[in-house]
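Colleague: Have a look at this one before I ask anything.
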Amino acid sequence: MKKEKTFAESVLNNIMEIRDTYDVKDLLIKKNVKGNLSDYLKELDEEQLNILLRCYFRDEKIFDKDIKDRLRSLEKKIKENFVTVIASMPYSQIVMMEDFIKGKEDGKISDLFIYCAYVFLCVDENQVKYRVPDDLKDLFLKNITTEDKQIAIQAELLTRLFSMSFSLGLIREDLVFSGFDIDIDNIIDKRKFLKDIEDAVDTKIINNEKYLWSKDFIYNDEFATNIENRIYIKRGTKAYAEYMLKMTLFTDRINSILKLNPTEALKVVMEKVLLKQRKPSLIVDDFVNNYDLTVEESEEIVDIINDNYYEIRFWDNGGRTEEEVRALDLVLKGKPKKNTLEECLKQLTNKGLDQLNACYECTDKEKLKKIIIDDVFMSIEDYFSNEEDVAEVLECNNKIYNGNLDITSFILDGYAYLYKDNEDFKVIIPKELEEILEETEFEDYSYYDDDEEEEIEKLDKEDIIFLYMIYNGVLEKKTLQKLLKNNHNIDCSIKELDKMIDYLEFFTNENYYYLYDGMEDIIEEILLPVKHGFKKYKIINNSCDDVLDVIDDFKSDIYSYLNKYSYDEENLETAAISLLYLININLVNEELVRDSLKVSNFNIKNADCKNIIKIINKYKNDIPIWVFNGYTKKELVNVTKSNKVGRNDPCPCGSGKKYKNCCGK
């Protein structure tokens with residue numbers, strides 16, 4: 001039975017839809033308001049009131065009520081939801097709300113809090129200010145106790161501790177408590193916290209330092225090799241948790257081939273992949289030499305390692321990726337007296353200077369300075385699509401380096417630098433480059449080339465949406481809306497898209513559309529996380545119809561081969577669609593092929609399975625891969641030739657390097 005959504009979850013789902021149509025700035029009240037929640041709600045114009053009503057109500061009957069009843073109902077819902085949310089707030093949000101209640105407005109409030117009407121945007125003396133209504137302040141202070149803060153901190157510490165294991169292996173004790181912007185000593189007793197979790201966590205003394213190890217994982221003394229020389233990056237809890245999910249999925253993919261029990265599979269991944277930085281080929285050889293793998297299985301291991309290699313945080317490097325290791329080679333000899341590019345280049349070590357010289361093939365410092373500045377101008381739109389992305393990078397300036405992907409790329413390109421401040425590495429963006437970023441203006445993001453526009457417009461709206469779904473498998477509602485607007489000049493509300501998707505007999509979730517029923521788990525766990533990292537989308541035009549012919553040919557070959565087992569058209573269609581699905585999600589191996597056919601009532605022999613995989617291999621490079629946003633494997637390589645890859649994007653050849661430092665040279 002499907003679990004009912006909580007009230008707070010329902011509101012969040014409503015907000016996700018509202019955000020597709022209305023920006024948070026649409027809720028700006030153009031005057032300074034004081035008082036209780038009711039005073040703020042009275043100052044909303046009709047459109048603003050409707051936005052908030054749609055955040056809290058699905059029933060259209062609310063709009064039949066008179067204005068006073070609508071305001072009363074909304075006020076009640078907001079307060080009920082606020083109390084529910086307070087009870088499960090993470091510590092960072094508790095601190096944020098406390099700061100705003102105390103009048104500290106230099107932090108950044110979550111947009112969700114504004115859509116929820118816990119916080120309002122008001123104009124005061126020509127400046128936009130955040131305001132918390134007085135009665136919500138009282139509700140917050142009444143419902144947040146010291147004990148609540150302790151519970152929130154402990155919950156975050158537990159999440160942090162167990163997710164850090166995937167990044168660091170053995171966790172130096174002090175690092176567990178270092179991911180907070182404030183001193184937590186006044187809130188929790190660290191010794192008591194560690195005592196309370198000793199059933200789940202081992203303490204190991206290595207070279208007079210305390211390290212923590214999760215008892216869920218099999219320990220190996222090799223995990224402590226060279227531990228005293230490891231250099232760590234201080235990351236936030238969210239970064240550790242996201243990486244833990246990636247490595248869990250990575251381990252599952254490896255184990256779909258090795259077929260070990262989950263605990264043993266994780267141990268194998270730790271020892272052969274995470275422990276020590278090695279070239280991908282050496283990691284693959286280790287698997288091939290220790291397991292009886294078929295040629296197809298070996299090839300799949302190669303794909304899995306190559307797909308993930310440049311995201312792996314190697315334990316012997318202190319949980320740093322290969323790029324982060326290279327970034328720390330560019331640490332300056334000291335903090336520059338002047339925040340200029342020239343001064344930063346002067347402070348570079350010989351190793352760091354050699355690295356930049358190799359990147360730009362230039363050994364003259366004056367020329368190098370000019371080349372870097374020119375490169376920033378050329379690269380900004382490859383790095384960023386809007387001002388918010390730029391602001392996120394600028395916020396890293398003079399802060400502790402936390403492995404931010406854009407900042408890491410900036411450092412490797414000489415756009416930003418690191419300097420040591422006691423035990424911390426801090427970011428410095430030279431003022432010339434900072435000014436370029438601040439002054440950059442962005443046009444609306446476009447998914448297409450100008451010379452494609454005429455051809456694009458020849459397709460009907462239904463055909464375009466149909467093909468986007470075939471090429472992508474799953475598309476977030478906002479993404480499809482943007483693709484239609486930017487690529488085809490088609491304006492569609494989310495409601496209109498919902499109806500069109502239903503007409504085309506595809507499926508709808510609160511936040512996205514998808515092709516086949518029953519694929520929700522793989523969407524959440526695999527497809528969307530990877531698609532988000534692959535920014536380019538396949539452009540739909542008349543030539544995209546060709547893929548339907550390829551799919552038909554593939555299905556025809558599968559029908560022909562399986563006819564000896566069954567003439568049942570429904571079984572044959574189900575089998576062909578299941579095998580096509582494996583190609584679409586880029587997950588083809590003998591076991592999955594056999595399982596897919598069993599579901600379709602085909603119990604095939606080993607020789608038949610191999611022959612079917614040969615049919616798959618014949619077509620798989622010409623069929624869209626959903627995590628590549630609709631590009632086929634063949635197009636992913638050829639896309640470099642048509643200049644559709646940004647200079648700072650990962651090179652589609654799979655090297656893991658930036659395009660400009662690889663095929664784009």
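In the structure tokens, chains take letters A, B, ... by order of appearance, with residues numbered from 1 within each chain and ligands from 1 in the order shown.
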Pick out the residues sitting within 12 Å of Lys620 in chain A, and hand them over as JSON, numbers by chain; count only C-alpha atoms, and ignore anything fewer than 6 positions along from it in its own chain.
Modeller: {"A": [547, 550, 551, 553, 554, 579, 580, 581, 582, 583, 584, 585, 586, 587, 588, 612, 613, 614, 631, 632, 633, 634, 635]}
Colleague: Report as a PyMOL selection string all protein, DNA and RNA residues lying within 10 Å of range 148-150 of chain A, evaluated on only C-alpha atoms, omitting residues in the same chain fewer than 3 positions from it.
Modeller: chain A and resi 86-92+94-95+143-145+153-156+184+186-189
Colleague: Keeping N, CA and C atoms for every residue in the selection just given, could you write it to a file as a compact mmCIF listing (two decimals), in the first residue's frame?
Modeller:
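Result saved to selection.txt:
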```txt
# COMPACT_ATOMS: atom_id res chain seq x y z
N ILE A 86 9.12 22.86 11.94
CA ILE A 86 10.04 23.15 13.04
C ILE A 86 10.49 21.86 13.72
N ALA A 87 9.55 20.92 13.87
CA ALA A 87 9.84 19.67 14.58
C ALA A 87 10.91 18.82 13.89
N SER A 88 11.11 19.02 12.57
CA SER A 88 12.09 18.21 11.84
C SER A 88 13.17 19.04 11.17
N MET A 89 13.34 20.29 11.63
CA MET A 89 14.34 21.17 11.01
C MET A 89 15.75 20.67 11.27
N PRO A 90 16.60 20.61 10.24
CA PRO A 90 18.02 20.37 10.50
C PRO A 90 18.63 21.57 11.21
N TYR A 91 19.76 21.34 11.85
CA TYR A 91 20.33 22.38 12.70
C TYR A 91 20.66 23.65 11.92
N SER A 92 21.15 23.49 10.69
CA SER A 92 21.52 24.66 9.89
C SER A 92 20.33 25.59 9.67
N ILE A 94 17.67 25.75 11.70
CA ILE A 94 17.34 26.35 13.00
C ILE A 94 18.17 27.60 13.21
N VAL A 95 19.48 27.51 12.94
CA VAL A 95 20.38 28.66 13.12
C VAL A 95 19.97 29.79 12.17
N ASN A 143 8.70 26.62 20.20
CA ASN A 143 8.82 25.21 19.81
C ASN A 143 10.26 24.73 19.67
N ILE A 144 11.22 25.64 19.76
CA ILE A 144 12.63 25.23 19.67
C ILE A 144 13.28 25.36 21.04
N THR A 145 13.69 24.23 21.59
CA THR A 145 14.36 24.22 22.89
C THR A 145 15.83 23.81 22.70
N ILE A 153 21.40 18.46 16.05
CA ILE A 153 22.86 18.33 15.86
C ILE A 153 23.26 16.86 15.83
N GLN A 154 22.74 16.07 16.76
CA GLN A 154 23.10 14.65 16.81
C GLN A 154 22.67 13.91 15.54
N ALA A 155 21.47 14.25 15.04
CA ALA A 155 21.01 13.62 13.80
C ALA A 155 21.93 13.96 12.65
N GLU A 156 22.35 15.24 12.57
CA GLU A 156 23.25 15.64 11.49
C GLU A 156 24.63 15.00 11.66
N ILE A 184 29.89 23.93 18.20
CA ILE A 184 28.80 23.12 18.75
C ILE A 184 29.11 22.64 20.17
N ASN A 186 28.98 24.17 22.87
CA ASN A 186 28.02 24.68 23.86
C ASN A 186 26.66 24.01 23.76
N ILE A 187 26.50 23.14 22.75
CA ILE A 187 25.18 22.52 22.53
C ILE A 187 25.20 21.04 22.89
N ILE A 188 26.25 20.32 22.48
CA ILE A 188 26.30 18.89 22.80
C ILE A 188 27.62 18.54 23.47
N ASP A 189 27.60 17.43 24.16
CA ASP A 189 28.80 16.87 24.77
C ASP A 189 29.39 15.86 23.78
```
Colleague: What's the 9 Å shell around range 493-509 of chain A, counting only C-alpha atoms, without same-chain residues fewer than 6 positions away, as an MDAnalysis selection string?
Modeller: chainID A and resid 17 20:21 462 465:466 469 477:478 480:481 515:517 520
Colleague: Could you turn the residues from that selection into a file that holds N, CA and C atoms, as a PDB file, in the first residue's frame?
Modeller:
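The resulting file, selection_18.pdb, is shown below:
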```pdb
ATOM      1  N   GLU A  17       5.738  22.542  -8.045  1.00  0.00           N
ATOM      2  CA  GLU A  17       4.989  22.882  -9.255  1.00  0.00           C
ATOM      3  C   GLU A  17       4.883  24.394  -9.428  1.00  0.00           C
ATOM      4  N   ASP A  20       7.750  26.306 -11.033  1.00  0.00           N
ATOM      5  CA  ASP A  20       7.903  26.229 -12.488  1.00  0.00           C
ATOM      6  C   ASP A  20       7.313  27.458 -13.177  1.00  0.00           C
ATOM      7  N   THR A  21       6.325  28.078 -12.531  1.00  0.00           N
ATOM      8  CA  THR A  21       5.608  29.195 -13.154  1.00  0.00           C
ATOM      9  C   THR A  21       5.950  30.535 -12.517  1.00  0.00           C
ATOM     10  N   GLU A 462       2.882  17.844 -30.589  1.00  0.00           N
ATOM     11  CA  GLU A 462       2.754  16.485 -30.066  1.00  0.00           C
ATOM     12  C   GLU A 462       3.971  15.636 -30.434  1.00  0.00           C
ATOM     13  N   ILE A 465       7.073  16.702 -28.247  1.00  0.00           N
ATOM     14  CA  ILE A 465       7.010  16.181 -26.880  1.00  0.00           C
ATOM     15  C   ILE A 465       7.229  14.668 -26.879  1.00  0.00           C
ATOM     16  N   PHE A 466       6.609  13.995 -27.829  1.00  0.00           N
ATOM     17  CA  PHE A 466       6.767  12.546 -27.942  1.00  0.00           C
ATOM     18  C   PHE A 466       8.247  12.176 -28.094  1.00  0.00           C
ATOM     19  N   MET A 469      10.429  12.674 -24.991  1.00  0.00           N
ATOM     20  CA  MET A 469      10.242  11.604 -24.015  1.00  0.00           C
ATOM     21  C   MET A 469      10.951  10.320 -24.456  1.00  0.00           C
ATOM     22  N   LYS A 477       9.406  18.328 -15.169  1.00  0.00           N
ATOM     23  CA  LYS A 477       8.393  19.161 -15.813  1.00  0.00           C
ATOM     24  C   LYS A 477       8.975  20.503 -16.242  1.00  0.00           C
ATOM     25  N   LYS A 478       9.732  21.114 -15.340  1.00  0.00           N
ATOM     26  CA  LYS A 478      10.301  22.427 -15.637  1.00  0.00           C
ATOM     27  C   LYS A 478      11.290  22.347 -16.807  1.00  0.00           C
ATOM     28  N   LEU A 480      11.262  20.126 -19.378  1.00  0.00           N
ATOM     29  CA  LEU A 480      10.531  19.982 -20.645  1.00  0.00           C
ATOM     30  C   LEU A 480       9.910  21.319 -21.046  1.00  0.00           C
ATOM     31  N   GLN A 481       9.363  22.025 -20.081  1.00  0.00           N
ATOM     32  CA  GLN A 481       8.766  23.340 -20.364  1.00  0.00           C
ATOM     33  C   GLN A 481       9.814  24.281 -20.949  1.00  0.00           C
ATOM     34  N   LEU A 515       8.491   7.545 -19.160  1.00  0.00           N
ATOM     35  CA  LEU A 515       8.049   6.773 -20.314  1.00  0.00           C
ATOM     36  C   LEU A 515       7.270   5.511 -19.950  1.00  0.00           C
ATOM     37  N   TYR A 516       7.795   4.750 -18.971  1.00  0.00           N
ATOM     38  CA  TYR A 516       7.210   3.444 -18.655  1.00  0.00           C
ATOM     39  C   TYR A 516       6.744   3.392 -17.207  1.00  0.00           C
ATOM     40  N   ASP A 517       5.636   2.719 -16.977  1.00  0.00           N
ATOM     41  CA  ASP A 517       5.150   2.513 -15.625  1.00  0.00           C
ATOM     42  C   ASP A 517       6.117   1.597 -14.866  1.00  0.00           C
ATOM     43  N   GLU A 520       9.911   4.167 -11.414  1.00  0.00           N
ATOM     44  CA  GLU A 520      10.127   5.296 -10.503  1.00  0.00           C
ATOM     45  C   GLU A 520      11.424   5.176  -9.700  1.00  0.00           C
TER      46      GLU A 520
END
```
Colleague: What are the closest atom pairs, with distances in Å to one decimal, for all residues of range 545-591 of chain A lying within 10 Å of range 248-266 of chain A? Consider only C-alpha atoms, order rows by chain and residue number, and present the result as a Markdown table.
Modeller:
```
| residue | atom | partner | partner_atom | distance |
| --- | --- | --- | --- | --- |
| A:Leu587 | CA | A:Arg253 | CA | 8.8 |
| A:Asn589 | CA | A:Ile257 | CA | 8.1 |
| A:Glu590 | CA | A:Ile257 | CA | 9.1 |
| A:Glu591 | CA | A:Ser256 | CA | 8.1 |
```
Colleague: Calculate how many Å separate CA of Glu395 in chain A from CA of Glu434 in chain A, rounding to one decimal.
Modeller: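 So the answer is 10.8 Å.
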Colleague: So that I can check the surroundings of range 132-135 of chain A, please list as a PDB file with N, CA, C and O atoms, in the first residue's frame every protein, DNA and RNA residue that reaches within 8 Å of it, counting only C-alpha atoms and ignoring chain neighbours fewer than 5 positions away.
Modeller:
```
ATOM      1  N   LYS A  34       5.070  45.314   9.058  1.00  0.00           N
ATOM      2  CA  LYS A  34       5.388  44.857  10.411  1.00  0.00           C
ATOM      3  C   LYS A  34       4.137  44.232  11.004  1.00  0.00           C
ATOM      4  O   LYS A  34       3.023  44.483  10.563  1.00  0.00           O
ATOM      5  N   GLY A  35       4.333  43.388  12.043  1.00  0.00           N
ATOM      6  CA  GLY A  35       3.189  42.805  12.710  1.00  0.00           C
ATOM      7  C   GLY A  35       3.134  41.304  12.565  1.00  0.00           C
ATOM      8  O   GLY A  35       4.150  40.635  12.357  1.00  0.00           O
ATOM      9  N   ASN A  36       1.928  40.754  12.669  1.00  0.00           N
ATOM     10  CA  ASN A  36       1.719  39.308  12.621  1.00  0.00           C
ATOM     11  C   ASN A  36       1.519  38.816  11.191  1.00  0.00           C
ATOM     12  O   ASN A  36       1.447  39.612  10.247  1.00  0.00           O
ATOM     13  N   LEU A  37       1.387  37.496  11.065  1.00  0.00           N
ATOM     14  CA  LEU A  37       1.215  36.887   9.751  1.00  0.00           C
ATOM     15  C   LEU A  37       0.014  37.479   9.020  1.00  0.00           C
ATOM     16  O   LEU A  37       0.076  37.741   7.812  1.00  0.00           O
ATOM     17  N   TYR A  40       0.814  40.622   7.152  1.00  0.00           N
ATOM     18  CA  TYR A  40       1.572  40.415   5.917  1.00  0.00           C
ATOM     19  C   TYR A  40       0.662  39.896   4.806  1.00  0.00           C
ATOM     20  O   TYR A  40       0.748  40.338   3.657  1.00  0.00           O
ATOM     21  N   PHE A 100      17.615  35.289  11.530  1.00  0.00           N
ATOM     22  CA  PHE A 100      16.664  36.250  10.951  1.00  0.00           C
ATOM     23  C   PHE A 100      15.727  36.833  12.000  1.00  0.00           C
ATOM     24  O   PHE A 100      15.360  38.002  11.937  1.00  0.00           O
ATOM     25  N   ILE A 101      15.371  36.001  12.969  1.00  0.00           N
ATOM     26  CA  ILE A 101      14.525  36.497  14.057  1.00  0.00           C
ATOM     27  C   ILE A 101      15.265  37.557  14.873  1.00  0.00           C
ATOM     28  O   ILE A 101      14.683  38.533  15.342  1.00  0.00           O
ATOM     29  N   TYR A 118       6.805  31.602   5.604  1.00  0.00           N
ATOM     30  CA  TYR A 118       7.395  31.753   6.936  1.00  0.00           C
ATOM     31  C   TYR A 118       8.195  33.059   6.975  1.00  0.00           C
ATOM     32  O   TYR A 118       8.351  33.675   8.014  1.00  0.00           O
ATOM     33  N   VAL A 119       8.727  33.409   5.798  1.00  0.00           N
ATOM     34  CA  VAL A 119       9.544  34.615   5.643  1.00  0.00           C
ATOM     35  C   VAL A 119       8.984  35.385   4.445  1.00  0.00           C
ATOM     36  O   VAL A 119       8.570  34.780   3.449  1.00  0.00           O
ATOM     37  N   PHE A 120       8.973  36.712   4.540  1.00  0.00           N
ATOM     38  CA  PHE A 120       8.443  37.548   3.463  1.00  0.00           C
ATOM     39  C   PHE A 120       9.536  38.476   2.927  1.00  0.00           C
ATOM     40  O   PHE A 120      10.430  38.901   3.670  1.00  0.00           O
TER      41      PHE A 120
END
```
Colleague: Find the residues around Ala224 in chain A up to 9 Å (only C-alpha atoms counted), leave out those fewer than 5 positions away in its own chain, and share them as a PDB file with C-alpha atoms, in the first residue's frame.
Modeller:
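So the final result, stored in out-v7.pdb, reads:
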```pdb
ATOM      1  CA  GLY A 169      37.430   5.323   5.156  1.00  0.00           C
ATOM      2  CA  LEU A 170      38.947   5.910   8.578  1.00  0.00           C
ATOM      3  CA  ILE A 206      46.743   5.197  14.927  1.00  0.00           C
ATOM      4  CA  ASP A 316      45.017   7.552   0.513  1.00  0.00           C
TER       5      ASP A 316
END
```
Colleague: Mind giving me the straight-line distance from CA of Tyr56 in chain A to CA of Val11 in chain A in Å, one decimal?
Modeller: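 Taking CA of Tyr56 in chain A and CA of Val11 in chain A, their separation equals 5.5 Å.
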Colleague: Which of these, A:Thr237, A:Arg58, A:Arg172, A:Asn229, has the shortest distance to Trp213 in chain A once you count only C-alpha atoms?
Modeller: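 Checking each of A:Thr237, A:Arg58, A:Arg172, A:Asn229 against Trp213 in chain A, counting only C-alpha atoms, the winner is A:Arg172.
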Colleague: Got a sec: who's within 12 Å of Ala576 in chain A, counting only C-alpha atoms, leaving out chain neighbours fewer than 6 positions off, as a ChimeraX atom specification?
Modeller: /A:551-563,569-570,582-583,593,596-597,599-600,602,612,615-616
Colleague: DSSP on the backbone, strand (DSSP E or B) only: what residues of range 178-270 of chain A does that give? Format it as a list in words.
Modeller: Val201, Asp202, Thr203, Lys204, Ile205, Ile206, Glu209, Lys210, Tyr211, Leu212, Trp213 and Ser214 of chain A
Colleague: Could the residues in this selection be written to a file with N, CA and C atoms, as a CSV table (one decimal), in the first residue's frame?
Modeller:
```
chain,number,residue,atom,x,y,z
A,201,VAL,N,30.1,2.2,16.1
A,201,VAL,CA,31.4,2.8,15.6
A,201,VAL,C,32.6,2.3,16.4
A,202,ASP,N,33.6,1.9,15.8
A,202,ASP,CA,34.9,1.5,16.4
A,202,ASP,C,35.8,2.8,16.5
A,203,THR,N,36.5,2.9,17.6
A,203,THR,CA,37.5,3.9,17.8
A,203,THR,C,38.9,3.2,17.6
A,204,LYS,N,39.7,3.7,16.7
A,204,LYS,CA,41.0,3.1,16.5
A,204,LYS,C,42.1,4.2,16.7
A,205,ILE,N,43.1,3.9,17.5
A,205,ILE,CA,44.2,4.8,17.8
A,205,ILE,C,45.3,4.4,16.8
A,206,ILE,N,45.7,5.4,15.9
A,206,ILE,CA,46.7,5.2,14.9
A,206,ILE,C,47.7,6.4,15.0
A,209,GLU,N,46.6,9.3,17.1
A,209,GLU,CA,45.4,10.1,16.6
A,209,GLU,C,44.2,9.1,16.7
A,210,LYS,N,43.0,9.7,17.1
A,210,LYS,CA,41.8,8.9,17.1
A,210,LYS,C,41.1,8.9,15.8
A,211,TYR,N,40.8,7.7,15.3
A,211,TYR,CA,40.0,7.6,14.1
A,211,TYR,C,38.8,6.7,14.3
A,212,LEU,N,37.7,7.0,13.6
A,212,LEU,CA,36.5,6.3,13.7
A,212,LEU,C,36.2,5.4,12.5
A,213,TRP,N,35.6,4.2,12.8
A,213,TRP,CA,35.3,3.3,11.7
A,213,TRP,C,34.0,2.7,11.9
A,214,SER,N,33.1,2.7,10.9
A,214,SER,CA,31.8,2.1,11.0
A,214,SER,C,31.9,0.6,11.1
```
Colleague: For range 362-373 of chain A, list every protein, DNA or RNA residue within 9 Å, evaluated using only C-alpha atoms, and leave out those in the same chain fewer than 5 positions away; present the list as an MDAnalysis selection string.
Modeller: chainID A and resid 341:342 345:346 353:354 356:357 378 413:415 432:433 436
Colleague: Between A:Ile411, A:Glu297, A:Glu242, A:Asn14, which residue has the minimum interatomic distance to Glu323 in chain A, considering only C-alpha atoms?
Modeller: A:Ile411
Colleague: Mind giving me the straight-line distance from CA of Ile301 in chain A to CA of Ile283 in chain A in Å, one decimal?
Modeller: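 Taking CA of Ile301 in chain A as the start and CA of Ile283 in chain A as the end point, the length is 9.4 Å.
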